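The structure appears below as structure tokens.
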Amino acid sequence: MTTEHTRVAIVGAGPAGLVLSHLLAQAGIESIVLDQRSREQIEGTIRAGIVEHGAAELLASIGDTSRVHTVGHRHDGIELHFSSGDGASPAGEPEAHRIDFAALTGRSVWLYPQHEVLIDLIAARLAAGQDLRFGCTVTAVAGVESDRPRIAGTTAEGEAFEIEAEFVVGADGSRSVVRPAVTGPSREGGYFREYPFAWFGILCEAPPSAPELIYSNSDHGFALISQRSETVQRMYFQCSPDADPNSLSDAQIWETLQARTPGTELKEGPIFQRDVLRFRSFVSHELRHGRAALVGDAAHTVPPTGAKGMNLAIGDVILLDQALQELLLRGSERGLDAYAAAAAKRIWKSQHFSWWMTSMLHLAPEASEFDRLRQLGELRTVVESEAGQRFLAEAYTGWPYQTAL
Ligand code: PHB
């Protein structure tokens, strides 16, 4: 086995790893991107669908293959629905409030599923000559305290490989193999919160039920009516974390969704995919150690209610790219030293927003009547105040990107 050399070894070909390789290449910095999964797996895995304003601009700038602004749909707002149990209007009467992102912030979001983003990014990186390897399992990360860290593992063909780099990036998702090299045995793990509920998600063949996404906090529980295209819709409802996706019939799923969106008649159709999404909040104790750093889900997890996962990953890599340019083009560790603190600001704002949307829209199984009425009070505070609406709209469409220094 010969040891290969590159400037940056990026483990993980998700949005974080691919966007980082693009930004580095633009600055003339060569990298190798490896992923354990096959290209088909990466391009076929159903994930979330909302791209923030700034993230969409960045993705669109990556090349001709980017379809976020052409195939994606611009959404200028969302609907917040809740049923009054607070005596403020006749019992059970559903209320619908639009949060007008465009009017409140001048920004929008794009509905464009993550696997489509990945199809675009992989095509763009390959067209640009990126060294991008699928089916490569990294089993060891070593030497991150030296200036020549190494990764080693096995290729899709079962052959051993070793790559020596000047920096190693863990963009390899929530089960990151790079993370232990960054956190070290003494600070392993991170700040963690588990929620006592999950989402039951479906994809179905039907036209959209409403022009915009509906986040509905009903007396029967939470539901989110999202979309994919004119003919395919994505919908979720709150369920128990150990729910079995195959335990409900199509009729039971529609009954649940219809009951949780009072005042809206959902357009039903054949359900062709179902899954259960666990709710977790996580931030790694360390984001960088020596010549290794974490980005995206390797660094943090958010519950899906704020639609922040992919967006936050892009926020991380914008900062790390600046830090790596400082290091690799100008020999300064200043940017790298600032990376963790700079990234943590956006990470914790996104953690807060995702937790806040989650807590405002879901009731824990042990919640009391007080909790429910307080929650309705909170929703009312947001929708009846322009400041409240703007707070939500600024976070949802994405705060402007900061520089690390
Ligand atoms: C989705 O369409 O998958 C989606 C949209 C909004 C969210 C979460 C998921 O908050």
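Residue numbering restarts at 1 for every chain of the structure tokens, chains are lettered A, B, ... in their displayed order, and ligands are numbered from 1 as they appear.
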(message) Please return as a PyMOL selection string the residues found within 6 Å of ligand 1, counting only C-alpha atoms and all ligand atoms.
(response) chain A and resi 48-50+226-227+234+304-307
(request) Just list the residues in stretch 241-336 of chain A DSSP gives strand (DSSP E) on the backbone, as a list of chain:residue names. (result)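 So the strand (DSSP E) residues in stretch 241-336 of chain A would be A:Ile271, A:Phe272, A:Gln273, A:Arg274, A:Asp275, A:Val276, A:Leu277, A:Arg278, A:Phe279, A:Arg280, A:Ser281, A:Phe282, A:Val283, A:Ser284, A:Arg288, A:His289, A:Ala292, A:Ala293, A:Leu294, A:His300, A:Thr301.
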(message) When you look at A:Thr261 with a cut-off of 10 Å (counting only C-alpha atoms), what residues show up, excluding the ones that are within fewer than 6 positions of it in the same chain? I need them as a ChimeraX atom specification.
(response) /A:81-83,94,214-225
With C-alpha atoms kept, could you save the residues just selected as a short mmCIF file (atom, residue, chain, number, x, y, z; two decimals), in the first residue's frame?
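The file below, result38.cif, is the result:
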```cif
data_model
loop_
_atom_site.label_atom_id
_atom_site.label_comp_id
_atom_site.auth_asym_id
_atom_site.auth_seq_id
_atom_site.Cartn_x
_atom_site.Cartn_y
_atom_site.Cartn_z
CA HIS A 81 -52.15 26.72 12.63
CA PHE A 82 -53.42 26.10 16.10
CA SER A 83 -56.70 25.20 17.68
CA PRO A 94 -58.89 26.40 14.15
CA ILE A 214 -48.47 24.22 7.32
CA TYR A 215 -47.14 23.72 10.85
CA SER A 216 -50.22 22.70 12.81
CA ASN A 217 -50.44 22.41 16.58
CA SER A 218 -53.91 20.90 17.00
CA ASP A 219 -55.72 19.47 20.00
CA HIS A 220 -54.93 16.07 18.48
CA GLY A 221 -51.19 16.75 18.25
CA PHE A 222 -48.71 18.19 15.78
CA ALA A 223 -48.61 17.77 11.99
CA LEU A 224 -46.45 19.35 9.28
CA ILE A 225 -47.77 19.48 5.74
#
```
(request) May I ask which of the residues A:Arg98, A:Arg374, A:His300, A:Arg260 is the closest one to A:Arg193, counting only C-alpha atoms? (result)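 Among the listed residues, the smallest separation from A:Arg193 belongs to A:His300.
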(message) Considering only helix (DSSP H, G or I) as DSSP defines it on the backbone, what residues of stretch 50-239 of chain A qualify? List them as a PyMOL selection string.
(response) chain A and resi 53-60+101-105+114-127+179-183+185-187
(request) Give the answer as one residue: which of A:Asp250, A:Glu212, A:Ser354, A:Ser368 has the shortest atom-to-atom distance to A:Arg280, using only C-alpha atoms? (result)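 Going through A:Asp250, A:Glu212, A:Ser354, A:Ser368 one by one, the smallest distance to A:Arg280 is for A:Ser354.
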(message) Given only C-alpha atoms as the basis, pick out the residue of A:Tyr401, A:Phe197, A:Phe391, A:Trp348 nearest to A:Ile99.
(response)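 Looking at the shortest contact to A:Ile99, the residue is A:Phe391.
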(request) Might you pull out every residue within 7 Å of stretch 64-69 of chain A, with only C-alpha atoms counted and same-chain residues fewer than 4 positions away left off, and present them as a PyMOL selection string? (result) chain A and resi 56+59-60+112+120+123-124
Dump as a short mmCIF file (atom, residue, chain, number, x, y, z; two decimals), in the first residue's frame, selection limited to N, CA and C atoms:
```cif
data_model
loop_
_atom_site.label_atom_id
_atom_site.label_comp_id
_atom_site.auth_asym_id
_atom_site.auth_seq_id
_atom_site.Cartn_x
_atom_site.Cartn_y
_atom_site.Cartn_z
N ALA A 56 -29.23 28.81 -0.47
CA ALA A 56 -29.68 28.61 -1.85
C ALA A 56 -28.83 29.45 -2.81
N LEU A 59 -25.57 27.60 -3.19
CA LEU A 59 -25.71 26.39 -4.01
C LEU A 59 -25.89 26.76 -5.49
N ALA A 60 -26.66 27.80 -5.73
CA ALA A 60 -26.90 28.21 -7.13
C ALA A 60 -25.61 28.67 -7.80
N TYR A 112 -36.48 22.47 -1.74
CA TYR A 112 -35.67 21.70 -2.69
C TYR A 112 -35.02 20.58 -1.90
N ASP A 120 -27.07 17.46 -7.60
CA ASP A 120 -26.45 18.63 -8.25
C ASP A 120 -24.99 18.77 -7.85
N ALA A 123 -22.63 16.07 -9.30
CA ALA A 123 -22.39 16.33 -10.72
C ALA A 123 -21.41 17.49 -10.90
N ALA A 124 -21.60 18.54 -10.11
CA ALA A 124 -20.74 19.72 -10.24
C ALA A 124 -19.30 19.39 -9.84
#
```
(request) Find the residue from A:Gly309, A:Ser247, A:Thr105, A:Val382 that sits nearest to A:Val276; use only C-alpha atoms when measuring. (result)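 When distances to A:Val276 are compared using only C-alpha atoms, the smallest one comes from A:Ser247.
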(request) Excluding stretch 20-28 of chain A and any residue of its chain fewer than 4 positions from it, enumerate the residues within 7 Å of it, using only C-alpha atoms, and give them as a PyMOL selection string. (result) chain A and resi 16+125+317+321
(message) Between A:Pro113, A:Gly173, A:Gly377, A:Pro196, which residue has the minimum interatomic distance to A:Asp297, considering only C-alpha atoms?
(response)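 Among the listed residues, the smallest separation from A:Asp297 belongs to A:Gly173.
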(message) Nearest residue to A:Pro185 out of A:Arg228, A:Arg37, A:His285, A:Arg372, using only C-alpha atoms?
(response)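 Ranking A:Arg228, A:Arg37, A:His285, A:Arg372 by distance to A:Pro185, first place goes to A:His285.
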(message) As an exercise, work out the distance from atom CA of A:Val51 to atom CA of A:Gln114 in Å and give it to one decimal place.
(response)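 Rounded to one decimal, the two atoms are 8.4 Å apart.
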